[in-house]
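K.L.:
This one is work.cif, mmCIF, C-alpha atoms.
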```cif
data_entry
loop_
_atom_site.label_atom_id
_atom_site.label_comp_id
_atom_site.auth_asym_id
_atom_site.auth_seq_id
_atom_site.Cartn_x
_atom_site.Cartn_y
_atom_site.Cartn_z
CA MET Z 1462 -80.89 -102.00 -70.25
CA LEU Z 1463 -82.32 -100.47 -67.09
CA ASN Z 1464 -82.65 -96.68 -66.80
CA GLN Z 1465 -80.79 -96.56 -63.50
CA ASP Z 1466 -77.71 -97.80 -65.33
CA HIS Z 1467 -77.57 -94.74 -67.58
CA PRO Z 1468 -74.79 -92.34 -66.73
CA ASP Z 1469 -76.06 -88.86 -65.93
CA ASP Z 1470 -76.22 -86.34 -68.77
CA GLU Z 1471 -73.17 -84.43 -67.57
CA SER Z 1472 -71.12 -87.63 -67.78
CA LEU Z 1473 -72.35 -88.10 -71.35
CA SER Z 1474 -71.28 -84.53 -72.14
CA ALA Z 1475 -67.86 -85.21 -70.62
CA LEU Z 1476 -67.58 -88.40 -72.69
CA ALA Z 1477 -68.53 -86.48 -75.84
CA ALA Z 1478 -65.81 -83.95 -75.10
CA GLY Z 1479 -63.28 -86.72 -74.49
CA ASP Z 1480 -62.58 -85.65 -70.91
CA THR Z 1481 -59.99 -87.94 -69.40
CA ASP Z 1482 -61.97 -88.64 -66.23
CA ALA Z 1483 -65.03 -89.67 -68.21
CA LEU Z 1484 -63.03 -91.86 -70.59
CA ASN Z 1485 -61.41 -93.59 -67.61
CA ASP Z 1486 -64.83 -94.38 -66.20
CA VAL Z 1487 -65.01 -98.01 -67.30
CA ALA Z 1488 -68.63 -98.49 -66.28
CA SER Z 1489 -69.82 -95.51 -68.33
CA SER Z 1490 -67.78 -96.51 -71.35
CA ALA Z 1491 -69.11 -100.04 -71.17
CA HIS Z 1492 -72.66 -98.70 -70.87
CA ILE Z 1493 -72.32 -96.46 -73.92
CA ALA Z 1494 -71.13 -99.39 -75.97
CA SER Z 1495 -74.32 -101.26 -75.23
CA CYS Z 1496 -76.95 -98.48 -74.92
CA ASP Z 1497 -78.31 -96.96 -78.13
CA ARG Z 1498 -79.95 -94.06 -76.33
CA CYS Z 1499 -76.77 -92.97 -74.53
CA ALA Z 1500 -74.61 -93.67 -77.58
CA GLY Z 1501 -76.98 -91.48 -79.61
CA VAL Z 1502 -76.72 -88.61 -77.10
CA VAL Z 1503 -72.94 -88.82 -77.09
CA ALA Z 1504 -72.78 -88.94 -80.91
CA GLU Z 1505 -75.13 -85.97 -81.17
CA LEU Z 1506 -73.13 -83.96 -78.65
CA ARG Z 1507 -69.93 -84.77 -80.54
CA MET Z 1508 -71.42 -83.54 -83.82
CA MET Z 1509 -72.65 -80.41 -82.11
CA ARG Z 1510 -69.24 -79.73 -80.62
CA SER Z 1511 -67.69 -80.25 -84.01
CA ALA Z 1512 -70.11 -77.74 -85.55
CA LEU Z 1513 -69.49 -75.25 -82.73
CA ALA Z 1514 -65.73 -75.54 -83.26
CA GLU Z 1515 -66.19 -74.63 -86.93
CA MET Z 1516 -68.47 -71.67 -86.48
CA PRO Z 1517 -67.21 -68.93 -88.76
CA ASP Z 1518 -65.64 -65.66 -87.74
CA VAL Z 1519 -67.80 -62.57 -87.94
CA ALA Z 1520 -66.77 -59.35 -89.66
CA PRO Z 1521 -67.34 -56.23 -87.56
CA HIS Z 1522 -70.46 -54.28 -88.46
CA ARG Z 1523 -68.48 -51.06 -88.45
CA PRO Z 1524 -64.83 -50.23 -89.14
CA LEU Z 1525 -62.59 -50.69 -86.15
CA ARG Z 1526 -59.52 -48.70 -85.22
CA LEU Z 1527 -56.77 -51.25 -85.70
CA LEU Z 1528 -54.04 -49.26 -84.01
CA PRO Z 1529 -54.37 -47.57 -80.65
CA PRO Z 1530 -53.69 -43.83 -80.75
CA VAL Z 1531 -50.13 -42.77 -80.01
CA GLU Z 1532 -51.29 -41.32 -76.68
CA ALA Z 1533 -51.55 -44.91 -75.46
CA ASP Z 1534 -47.75 -44.93 -75.24
CA SER Z 1535 -46.16 -43.72 -72.06
CA PRO Z 1536 -44.38 -40.43 -72.78
CA GLY Z 1537 -40.64 -40.71 -73.34
CA THR Z 1538 -37.97 -38.49 -71.85
CA VAL Z 1539 -38.09 -36.09 -74.78
CA ASP Z 1540 -41.87 -35.85 -74.49
CA ARG Z 1541 -41.63 -35.13 -70.79
CA LEU Z 1542 -38.98 -32.45 -71.37
CA GLY Z 1543 -41.22 -30.97 -74.05
CA GLN Z 1544 -44.13 -30.87 -71.64
CA TRP Z 1545 -41.99 -29.12 -69.04
CA ALA Z 1546 -40.67 -26.65 -71.61
CA LYS Z 1547 -44.22 -25.90 -72.68
CA ARG Z 1548 -45.39 -25.51 -69.11
CA LEU Z 1549 -42.52 -23.26 -68.02
CA PHE Z 1550 -42.41 -21.14 -71.18
CA ALA Z 1551 -45.01 -18.53 -70.18
CA PRO Z 1552 -43.75 -18.00 -66.58
CA ALA Z 1553 -40.13 -17.80 -67.76
CA LEU Z 1554 -41.01 -15.33 -70.50
CA THR Z 1555 -42.98 -13.18 -68.06
CA ALA Z 1556 -40.20 -13.25 -65.48
CA GLY Z 1557 -37.62 -12.39 -68.16
CA ALA Z 1558 -39.73 -9.50 -69.45
CA ALA Z 1559 -40.22 -8.17 -65.91
CA LEU Z 1560 -36.50 -8.37 -65.18
CA ALA Z 1561 -35.64 -6.67 -68.45
CA MET Z 1562 -38.15 -3.92 -67.75
CA VAL Z 1563 -36.82 -3.29 -64.25
CA GLY Z 1564 -33.26 -3.33 -65.55
CA MET Z 1565 -34.12 -0.91 -68.33
CA VAL Z 1566 -35.88 1.53 -66.00
CA GLY Z 1567 -33.09 1.24 -63.47
CA THR Z 1568 -30.48 1.98 -66.11
CA ALA Z 1569 -32.34 4.84 -67.72
CA LEU Z 1570 -33.82 6.60 -64.66
CA PRO Z 1571 -30.70 8.42 -63.34
CA GLY Z 1572 -30.05 9.80 -66.84
CA LEU Z 1573 -33.62 11.04 -67.05
CA SER Z 1574 -33.41 12.69 -63.62
CA GLY Z 1575 -30.50 14.86 -64.75
CA ALA Z 1576 -27.70 13.24 -62.76
CA GLN Z 1577 -24.16 13.36 -64.10
CA SER Z 1578 -23.23 10.57 -66.37
CA GLY Z 1579 -20.48 9.57 -64.01
CA ALA Z 1580 -23.02 9.02 -61.24
CA GLY Z 1581 -25.12 6.47 -63.18
CA GLY Z 1582 -26.26 3.48 -61.18
CA ALA Z 1583 -26.78 5.28 -57.87
CA GLY Z 1584 -30.10 3.79 -56.92
CA SER Z 1585 -30.12 3.30 -53.21
CA GLU Z 1586 -29.47 5.69 -50.41
CA ASP Z 1587 -26.25 3.97 -49.45
CA THR Z 1588 -24.95 4.01 -52.98
CA ARG Z 1589 -25.85 7.63 -53.38
CA LEU Z 1590 -24.02 8.50 -50.18
CA GLN Z 1591 -21.03 6.54 -51.33
CA VAL Z 1592 -21.05 8.29 -54.67
CA GLU Z 1593 -21.27 11.67 -52.94
CA ALA Z 1594 -18.42 10.68 -50.70
CA ALA Z 1595 -16.44 9.54 -53.71
CA SER Z 1596 -17.15 12.80 -55.52
CA SER Z 1597 -16.07 14.90 -52.58
CA GLN Z 1598 -13.05 12.68 -52.25
CA ALA Z 1599 -12.26 13.19 -55.90
CA ALA Z 1600 -12.47 16.92 -55.39
CA ALA Z 1601 -10.29 16.69 -52.35
CA VAL Z 1602 -7.79 14.58 -54.19
CA SER Z 1603 -7.67 16.95 -57.14
CA GLU Z 1604 -7.07 19.80 -54.73
CA GLY Z 1605 -4.30 17.98 -53.03
CA GLN Z 1606 -2.80 16.35 -56.09
CA ASP Z 1607 0.21 18.64 -56.01
CA MET Z 1608 0.82 17.89 -52.39
CA ALA Z 1609 0.55 14.19 -52.54
CA PRO Z 1610 3.98 13.30 -53.92
CA PHE Z 1611 5.62 15.51 -51.43
CA ALA Z 1612 3.57 14.13 -48.61
CA THR Z 1613 4.46 10.62 -49.65
CA GLU Z 1614 8.09 11.48 -49.82
CA GLU Z 1615 7.89 13.16 -46.49
CA ILE Z 1616 6.18 10.19 -44.90
CA GLY Z 1617 8.62 7.83 -46.47
CA GLY Z 1618 11.58 9.85 -45.41
CA SER Z 1619 10.62 11.14 -41.99
CA ASP Z 1620 8.25 10.67 -39.14
CA SER Z 1621 4.87 12.17 -39.97
CA GLY Z 1622 3.95 12.98 -36.42
CA SER Z 1623 0.26 12.53 -37.26
CA GLY Z 1624 -2.00 10.19 -35.28
CA ASP Z 1625 -4.29 9.28 -38.23
CA THR Z 1626 -1.64 8.42 -40.77
CA ALA Z 1627 -0.21 5.69 -38.60
CA SER Z 1628 -3.05 3.37 -39.44
CA GLN Z 1629 -3.36 4.40 -43.08
CA ALA Z 1630 0.29 3.91 -43.78
CA THR Z 1631 -0.04 0.15 -43.43
CA ASP Z 1632 -2.51 -0.21 -46.30
CA ALA Z 1633 -1.84 2.57 -48.70
CA PRO Z 1634 0.53 5.38 -49.39
CA ALA Z 1635 -0.60 8.27 -47.31
CA TYR Z 1636 -1.55 11.55 -48.88
CA GLY Z 1637 -0.62 13.55 -45.88
CA GLU Z 1638 -2.94 15.10 -43.42
CA GLY Z 1639 -4.35 17.63 -45.87
CA THR Z 1640 -5.14 14.97 -48.43
CA THR Z 1641 -6.78 12.43 -46.18
CA ALA Z 1642 -8.90 14.90 -44.24
CA GLY Z 1643 -12.64 14.17 -44.74
CA VAL Z 1644 -12.04 10.95 -46.74
CA ASP Z 1645 -12.96 7.60 -45.28
CA GLU Z 1646 -10.44 4.85 -45.07
CA GLY Z 1647 -12.01 2.52 -47.67
CA SER Z 1648 -12.11 5.20 -50.29
CA SER Z 1649 -8.55 6.16 -49.66
CA ARG Z 1650 -7.62 2.49 -50.18
CA ASP Z 1651 -9.46 2.40 -53.51
CA LEU Z 1652 -7.83 5.50 -54.71
CA GLY Z 1653 -4.41 4.59 -53.55
CA ASP Z 1654 -2.99 3.15 -56.76
CA THR Z 1655 -4.73 5.14 -59.44
CA ASP Z 1656 -5.49 8.67 -60.33
CA ALA Z 1657 -8.79 9.93 -58.92
CA PRO Z 1658 -11.25 10.35 -61.93
CA GLY Z 1659 -10.54 6.85 -63.29
CA ALA Z 1660 -11.11 5.33 -59.86
CA VAL Z 1661 -14.54 6.93 -59.61
CA ASP Z 1662 -15.65 5.49 -62.99
CA ALA Z 1663 -14.52 2.00 -62.11
CA PHE Z 1664 -16.22 2.19 -58.76
CA GLN Z 1665 -19.51 3.27 -60.29
CA ALA Z 1666 -19.42 0.66 -63.06
CA GLU Z 1667 -18.85 -2.10 -60.53
CA ARG Z 1668 -21.65 -1.05 -58.25
CA SER Z 1669 -24.42 -0.57 -60.83
CA PRO Z 1670 -26.65 -3.70 -61.01
CA TRP Z 1671 -29.19 -2.49 -63.54
CA PRO Z 1672 -27.50 -3.38 -66.83
CA MET Z 1673 -26.91 -6.86 -65.43
CA VAL Z 1674 -30.59 -7.18 -64.51
CA LEU Z 1675 -31.56 -6.04 -68.01
CA PHE Z 1676 -29.18 -8.54 -69.55
CA ALA Z 1677 -30.43 -11.38 -67.32
CA GLY Z 1678 -34.04 -10.63 -68.28
CA ILE Z 1679 -33.29 -10.68 -71.99
CA ALA Z 1680 -31.23 -13.87 -71.59
CA LEU Z 1681 -34.12 -15.54 -69.73
CA MET Z 1682 -36.59 -14.65 -72.48
CA ILE Z 1683 -34.26 -15.86 -75.23
CA GLY Z 1684 -33.49 -19.06 -73.29
CA ALA Z 1685 -37.17 -19.83 -72.72
CA ALA Z 1686 -37.98 -19.28 -76.39
CA LEU Z 1687 -35.03 -21.43 -77.51
CA LEU Z 1688 -35.94 -24.31 -75.18
CA ARG Z 1689 -39.52 -24.24 -76.32
CA TRP Z 1690 -38.47 -24.17 -79.96
CA ILE Z 1691 -36.09 -27.12 -79.47
CA LEU Z 1692 -38.10 -29.34 -77.13
CA VAL Z 1693 -41.74 -28.82 -77.94
CA PRO Z 1694 -42.79 -30.82 -81.00
CA ARG Z 1695 -44.36 -28.70 -83.71
CA ALA Z 1696 -47.48 -29.68 -85.57
CA THR Z 1697 -46.68 -30.84 -89.07
CA MET L 883 -80.72 -57.95 -82.14
CA ALA L 884 -78.69 -57.61 -85.28
CA GLU L 885 -77.40 -60.85 -86.67
CA PRO L 886 -74.37 -61.12 -88.89
CA THR L 887 -75.30 -61.39 -92.52
CA GLU L 888 -74.04 -64.15 -94.73
CA THR L 889 -71.54 -61.80 -96.34
CA SER L 890 -70.17 -60.81 -92.95
CA ARG L 891 -69.53 -64.39 -91.93
CA THR L 892 -66.11 -65.52 -92.88
CA ALA L 893 -64.39 -68.85 -92.53
CA ARG L 894 -62.10 -69.19 -89.55
CA THR L 895 -59.10 -67.00 -90.10
CA PRO L 896 -55.95 -69.03 -90.83
CA PRO L 897 -52.57 -67.77 -89.64
CA LEU L 898 -50.71 -65.28 -91.84
CA PRO L 899 -48.15 -66.95 -94.12
CA ASP L 900 -45.26 -65.08 -92.48
CA GLU L 901 -46.94 -64.66 -89.13
CA ALA L 902 -43.89 -65.25 -86.91
CA ALA L 903 -41.95 -62.51 -88.68
CA VAL L 904 -44.86 -60.07 -88.52
CA ILE L 905 -45.35 -60.78 -84.82
CA ALA L 906 -41.64 -60.23 -84.18
CA ARG L 907 -41.78 -56.88 -85.96
CA ALA L 908 -44.92 -55.87 -84.08
CA ALA L 909 -43.33 -56.89 -80.77
CA GLY L 910 -40.37 -54.69 -81.68
CA GLY L 911 -42.63 -51.65 -81.99
CA ASP L 912 -43.48 -51.77 -85.71
CA ARG L 913 -46.95 -50.21 -85.79
CA MET L 914 -47.59 -51.27 -89.38
CA ALA L 915 -46.93 -54.91 -88.48
CA PHE L 916 -49.31 -54.62 -85.53
CA THR L 917 -51.97 -53.12 -87.80
CA GLN L 918 -51.52 -56.00 -90.23
CA LEU L 919 -52.09 -58.53 -87.44
CA MET L 920 -55.18 -56.81 -86.08
CA GLU L 921 -56.65 -56.38 -89.54
CA HIS L 922 -56.14 -60.06 -90.21
CA TYR L 923 -57.71 -61.24 -86.95
CA GLN L 924 -60.38 -58.60 -86.41
CA SER L 925 -63.19 -60.88 -87.57
CA ALA L 926 -62.06 -63.63 -85.20
CA CYS L 927 -61.97 -61.20 -82.28
CA TYR L 928 -65.22 -59.50 -83.17
CA GLY L 929 -66.97 -62.86 -83.63
CA LEU L 930 -65.95 -63.96 -80.14
CA ALA L 931 -67.00 -60.67 -78.59
CA TRP L 932 -70.31 -60.71 -80.46
CA ARG L 933 -71.10 -64.26 -79.31
CA LEU L 934 -70.27 -63.41 -75.71
CA LEU L 935 -72.05 -60.07 -75.58
CA SER L 936 -74.86 -60.56 -78.11
CA ASP L 937 -74.64 -56.90 -79.02
CA PRO L 938 -72.84 -55.51 -82.09
CA ASP L 939 -71.81 -52.20 -80.53
CA LYS L 940 -70.58 -53.75 -77.30
CA ALA L 941 -68.76 -56.35 -79.35
CA ALA L 942 -67.03 -53.63 -81.36
CA ASP L 943 -66.10 -51.82 -78.15
CA ALA L 944 -64.72 -55.01 -76.65
CA THR L 945 -62.69 -55.68 -79.79
CA GLN L 946 -61.24 -52.18 -79.68
CA ASP L 947 -60.35 -52.64 -76.03
CA ALA L 948 -58.72 -55.94 -76.89
CA PHE L 949 -56.57 -54.28 -79.56
CA ILE L 950 -55.36 -51.70 -77.04
CA HIS L 951 -54.52 -54.44 -74.51
CA ALA L 952 -52.80 -56.43 -77.25
CA TYR L 953 -50.76 -53.40 -78.29
CA LYS L 954 -49.52 -52.97 -74.73
CA ALA L 955 -48.87 -56.67 -74.24
CA ILE L 956 -47.36 -57.75 -77.55
CA GLY L 957 -43.86 -56.83 -76.40
CA GLY L 958 -44.17 -59.66 -73.89
CA TYR L 959 -45.66 -62.21 -76.29
CA ARG L 960 -43.79 -65.47 -75.77
CA GLY L 961 -44.87 -67.68 -78.63
CA GLY L 962 -47.78 -70.09 -78.96
CA ILE L 963 -50.72 -69.75 -81.29
CA PHE L 964 -51.16 -66.04 -81.87
CA ARG L 965 -54.87 -66.35 -82.64
CA SER L 966 -55.46 -68.04 -79.27
CA TRP L 967 -53.40 -65.37 -77.49
CA LEU L 968 -55.42 -62.61 -79.10
CA LEU L 969 -58.72 -64.37 -78.48
CA ARG L 970 -57.92 -64.73 -74.78
CA ILE L 971 -57.35 -60.97 -74.62
CA THR L 972 -60.62 -60.39 -76.48
CA ALA L 973 -62.49 -62.74 -74.15
CA ASN L 974 -61.16 -60.86 -71.14
CA ALA L 975 -62.11 -57.52 -72.66
CA SER L 976 -65.59 -58.86 -73.46
CA TYR L 977 -65.98 -60.29 -69.99
CA ASP L 978 -65.04 -56.92 -68.49
CA ILE L 979 -67.75 -55.24 -70.55
CA MET L 980 -70.21 -57.99 -69.60
CA ARG L 981 -69.52 -57.45 -65.91
CA ARG L 982 -69.88 -53.69 -66.25
CA ALA L 983 -73.20 -54.25 -68.02
CA GLN L 984 -74.37 -56.54 -65.23
CA ARG L 985 -73.70 -53.83 -62.69
CA ARG L 986 -76.11 -51.58 -64.58
CA PRO L 987 -79.62 -53.07 -64.33
CA THR L 988 -80.80 -51.47 -67.56
CA SER L 989 -78.08 -53.23 -69.49
CA VAL L 990 -78.53 -56.75 -68.13
CA LEU L 991 -78.84 -59.30 -70.89
CA PRO L 992 -82.12 -61.17 -70.56
CA ASP L 993 -81.90 -64.65 -69.12
CA PRO L 994 -84.22 -66.84 -71.21
CA GLU L 995 -84.67 -69.37 -68.44
CA GLU L 996 -86.03 -66.77 -66.05
CA GLY L 997 -88.58 -65.25 -68.40
CA ALA L 998 -89.84 -65.40 -71.90
CA PRO L 999 -87.31 -66.93 -74.27
CA GLU L 1000 -85.31 -64.37 -76.18
CA LEU L 1001 -86.16 -64.77 -79.81
CA PRO L 1002 -84.18 -63.34 -82.70
CA ASP L 1003 -85.46 -59.93 -83.74
CA PRO L 1004 -87.44 -60.60 -86.93
CA HIS L 1005 -86.96 -56.97 -88.05
CA ALA L 1006 -83.21 -57.30 -87.91
CA VAL L 1007 -83.11 -60.21 -90.27
CA ASN L 1008 -83.10 -59.55 -93.95
CA PRO L 1009 -85.33 -62.30 -95.45
CA HIS L 1010 -83.38 -62.30 -98.70
CA GLU L 1011 -80.11 -62.82 -96.93
CA GLU L 1012 -81.58 -65.31 -94.52
CA ALA L 1013 -82.23 -67.75 -97.33
CA ALA L 1014 -78.57 -67.75 -98.19
CA ARG L 1015 -77.30 -68.31 -94.66
CA SER L 1016 -75.87 -71.49 -93.44
CA GLU L 1017 -78.82 -72.97 -91.60
CA LEU L 1018 -76.77 -74.91 -89.17
CA TYR L 1019 -74.71 -71.95 -88.01
CA ARG L 1020 -77.74 -69.71 -87.90
CA HIS L 1021 -79.62 -72.09 -85.69
CA LEU L 1022 -76.61 -72.61 -83.51
CA GLU L 1023 -76.15 -68.87 -83.12
CA SER L 1024 -79.77 -68.51 -82.13
CA ALA L 1025 -79.62 -71.43 -79.74
CA LEU L 1026 -76.46 -70.06 -78.11
CA ARG L 1027 -78.21 -66.80 -77.39
CA LEU L 1028 -80.99 -68.64 -75.65
CA LEU L 1029 -78.60 -70.06 -73.08
CA PRO L 1030 -78.23 -68.39 -69.71
CA HIS L 1031 -75.25 -66.08 -70.07
CA ASP L 1032 -72.97 -68.04 -67.73
CA GLN L 1033 -73.58 -71.23 -69.70
CA ARG L 1034 -73.25 -69.38 -73.00
CA THR L 1035 -69.95 -67.83 -71.93
CA ALA L 1036 -68.58 -71.20 -70.88
CA VAL L 1037 -69.75 -73.02 -74.04
CA VAL L 1038 -68.56 -70.28 -76.38
CA LEU L 1039 -65.11 -70.11 -74.78
CA CYS L 1040 -64.70 -73.87 -74.49
CA ASP L 1041 -66.48 -75.39 -77.49
CA VAL L 1042 -66.44 -72.57 -80.04
CA TYR L 1043 -62.98 -71.16 -79.27
CA GLY L 1044 -61.25 -74.25 -77.87
CA MET L 1045 -60.18 -72.97 -74.47
CA ASP L 1046 -59.68 -75.53 -71.76
CA TYR L 1047 -61.67 -75.68 -68.55
CA ASN L 1048 -58.92 -74.07 -66.47
CA GLU L 1049 -58.61 -71.13 -68.83
CA VAL L 1050 -62.35 -70.56 -68.73
CA ALA L 1051 -62.36 -70.82 -64.95
CA THR L 1052 -59.58 -68.23 -64.68
CA MET L 1053 -61.20 -65.91 -67.17
CA THR L 1054 -64.62 -66.00 -65.56
CA HIS L 1055 -63.28 -66.02 -62.00
CA SER L 1056 -65.15 -69.23 -61.29
CA ALA L 1057 -64.30 -72.57 -59.70
CA LEU L 1058 -63.25 -75.36 -62.04
CA GLY L 1059 -66.17 -77.56 -61.01
CA THR L 1060 -68.61 -74.71 -61.61
CA VAL L 1061 -67.22 -74.15 -65.09
CA LYS L 1062 -67.45 -77.84 -65.99
CA SER L 1063 -71.01 -77.96 -64.75
CA ARG L 1064 -71.96 -74.86 -66.78
CA ILE L 1065 -70.40 -76.29 -69.91
CA HIS L 1066 -72.13 -79.67 -69.58
CA ARG L 1067 -75.50 -78.10 -68.83
CA GLY L 1068 -75.03 -75.62 -71.65
CA ARG L 1069 -74.24 -78.38 -74.17
CA LEU L 1070 -77.26 -80.42 -73.11
CA ARG L 1071 -79.49 -77.37 -73.32
CA LEU L 1072 -78.13 -76.59 -76.78
CA ARG L 1073 -78.86 -80.15 -77.84
CA GLU L 1074 -82.46 -79.72 -76.74
CA LEU L 1075 -82.75 -76.40 -78.55
CA MET L 1076 -81.31 -77.93 -81.73
CA ALA L 1077 -83.52 -81.02 -81.53
CA GLU L 1078 -85.78 -79.99 -84.37
CA HIS L 1079 -82.77 -79.22 -86.58
CA ARG L 1080 -80.97 -82.41 -85.75
CA GLU L 1081 -80.74 -83.44 -89.39
CA LEU L 1082 -78.52 -80.41 -90.11
CA PHE L 1083 -75.67 -81.99 -88.17
CA THR L 1084 -75.49 -84.94 -90.52
CA ARG L 1085 -75.60 -82.98 -93.79
#
```
What would the structure in this file look like if it were written as structure tokens?

P.N.:
Amino acid sequence: MLNQDHPDDESLSALAAGDTDALNDVASSAHIASCDRCAGVVAELRMMRSALAEMPDVAPHRPLRLLPPVEADSPGTVDRLGQWAKRLFAPALTAGAALAMVGMVGTALPGLSGAQSGAGGAGSEDTRLQVEAASSQAAAVSEGQDMAPFATEEIGGSDSGSGDTASQATDAPAYGEGTTAGVDEGSSRDLGDTDAPGAVDAFQAERSPWPMVLFAGIALMIGAALLRWILVPRAT
Amino acid sequence: MAEPTETSRTARTPPLPDEAAVIARAAGGDRMAFTQLMEHYQSACYGLAWRLLSDPDKAADATQDAFIHAYKAIGGYRGGIFRSWLLRITANASYDIMRRAQRRPTSVLPDPEEGAPELPDPHAVNPHEEAARSELYRHLESALRLLPHDQRTAVVLCDVYGMDYNEVATMTHSALGTVKSRIHRGRLRLRELMAEHRELFTR
């Protein structure tokens, strides 16, 4: 057999591996059948492939972590909520404490400054003026309490003849000229249906924001602590 | 370079008796089932990584990476031979580490054809254990490490782990013709390297 008839080595490798293209190469297959040298190479390559395919597995030289850490998982909704609760806990607690402190000071300060208990909650200039107005109105009303029923009867039964009472008569029972003198219209409306001291208390309780601020601050702190306790997983 | 000792070489891992059920549980999020699978196949994965990377620590790292990838991917496992599926993941993880190593000049694996042939480290071989090793596999391991790394990668993936040419081409980002050429040249080079141990094939 002439050397130039030998298939190249890569063709012999393909034949040894049973590649379809090489097996379909009639000339190469015919050559192998008649060439001891090429048949020997193919047989040797086949044995080598067989040995390679049976090479054993190799145990790791050190212990391996068989399970990825839990952090490999993407965080679920509960985890994300927990992270938010954890992140927002400190700011919420601080804000709650600040609110509670302001509310507490605001509530306590008028008492400390010697103001009458009925005037609690007067913090701003406007409120203070309103409270003063209400107090003077209360005094005026108490002075004119005896007159008021008569004045009302008079107004109801006859023409008052007064320029101011014309407008007041539409909203509230008039107290007569003596009663309404020095009292603004809004206050007279508030006081229209009730006796004077009770009206002042209700007015002051409505207008005082400080207990509400104190309550909101405490509620914020409790809410933040509760959310953290519920949502943030605790170490076991 | 450290070589596996005889005691660390194990026969090829067969499938678990109830493998389909264990895989189904692992795919459903059962961490114990996943652990069982990885424990069973860790030697197969490590062996592949070690043959591709020729470095025990890198091989362990690649195997760990493969387990993480497998954990993320097992929910989408769609049947087939589980060992082959896991070995493909391991090969990809090993190849990633190989490419990272190639980008760092200090970590490049020596190419025996370009310089002095890389010989097994005589200090790493325990002479008492060496006597007990399977000669054929030992010589084959040594011969594989003497191949240029592209030929070694192709031969290991194709002939040792049974992947087809297309799979190897995809995994190594190479053209099909290039892969075939590397495999053929690698086999012929191995044959030359094993020439003096030829009689071991027929035992």

K.L.:
Could you check the closest approach to chain L for each of Z:Val1503, Z:Ala1561, Z:Met1516, Z:Ala1488 and tell me which residue wins, using only C-alpha atoms?

P.N.:
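Of the candidates, the smallest distance to chain L is held by Z:Met1516.
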
K.L.:
Take atom CA of Z:Leu1549 and atom CA of Z:Gly1684 and report the distance between them in Å, one decimal.

P.N.:
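Taking atom CA of Z:Leu1549 as the start and atom CA of Z:Gly1684 as the end point, the length is 11.3 Å.
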
K.L.:
For chain L, report every residue with an atom at most 8 Å from chain Z (counting all atoms listed in the file), formatted as a ChimeraX atom specification.

P.N.:
/L:886,890-895,913,916-917,920-921,924-930,938,942,946,949-950,953,1019,1022,1041-1044,1063,1066-1067,1069-1070,1073,1083-1084

K.L.:
In the coordinate frame of the file, compute which residues have an atom within 10 Å of (-73.4, -69.6, -70.0) when using all atoms listed in the file, and state them as a PDB file with C-alpha atoms, in the coordinates of the input.

P.N.:
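For reference, part.pdb as written:
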```pdb
ATOM      1  CA  LEU L 934     -70.270 -63.410 -75.710  1.00  0.00           C
ATOM      2  CA  ASP L 993     -81.900 -64.650 -69.120  1.00  0.00           C
ATOM      3  CA  LEU L1026     -76.460 -70.060 -78.110  1.00  0.00           C
ATOM      4  CA  ARG L1027     -78.210 -66.800 -77.390  1.00  0.00           C
ATOM      5  CA  LEU L1028     -80.990 -68.640 -75.650  1.00  0.00           C
ATOM      6  CA  LEU L1029     -78.600 -70.060 -73.080  1.00  0.00           C
ATOM      7  CA  PRO L1030     -78.230 -68.390 -69.710  1.00  0.00           C
ATOM      8  CA  HIS L1031     -75.250 -66.080 -70.070  1.00  0.00           C
ATOM      9  CA  ASP L1032     -72.970 -68.040 -67.730  1.00  0.00           C
ATOM     10  CA  GLN L1033     -73.580 -71.230 -69.700  1.00  0.00           C
ATOM     11  CA  ARG L1034     -73.250 -69.380 -73.000  1.00  0.00           C
ATOM     12  CA  THR L1035     -69.950 -67.830 -71.930  1.00  0.00           C
ATOM     13  CA  ALA L1036     -68.580 -71.200 -70.880  1.00  0.00           C
ATOM     14  CA  VAL L1037     -69.750 -73.020 -74.040  1.00  0.00           C
ATOM     15  CA  VAL L1038     -68.560 -70.280 -76.380  1.00  0.00           C
ATOM     16  CA  LEU L1039     -65.110 -70.110 -74.780  1.00  0.00           C
ATOM     17  CA  VAL L1061     -67.220 -74.150 -65.090  1.00  0.00           C
ATOM     18  CA  ARG L1064     -71.960 -74.860 -66.780  1.00  0.00           C
ATOM     19  CA  ILE L1065     -70.400 -76.290 -69.910  1.00  0.00           C
ATOM     20  CA  ARG L1067     -75.500 -78.100 -68.830  1.00  0.00           C
ATOM     21  CA  GLY L1068     -75.030 -75.620 -71.650  1.00  0.00           C
ATOM     22  CA  ARG L1069     -74.240 -78.380 -74.170  1.00  0.00           C
TER      23      ARG L1069
END
```

K.L.:
Separation of atom CA of Z:Arg1689 and atom CA of Z:Lys1547, in Å?

P.N.:
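Interatomic distance here is 6.2 Å.
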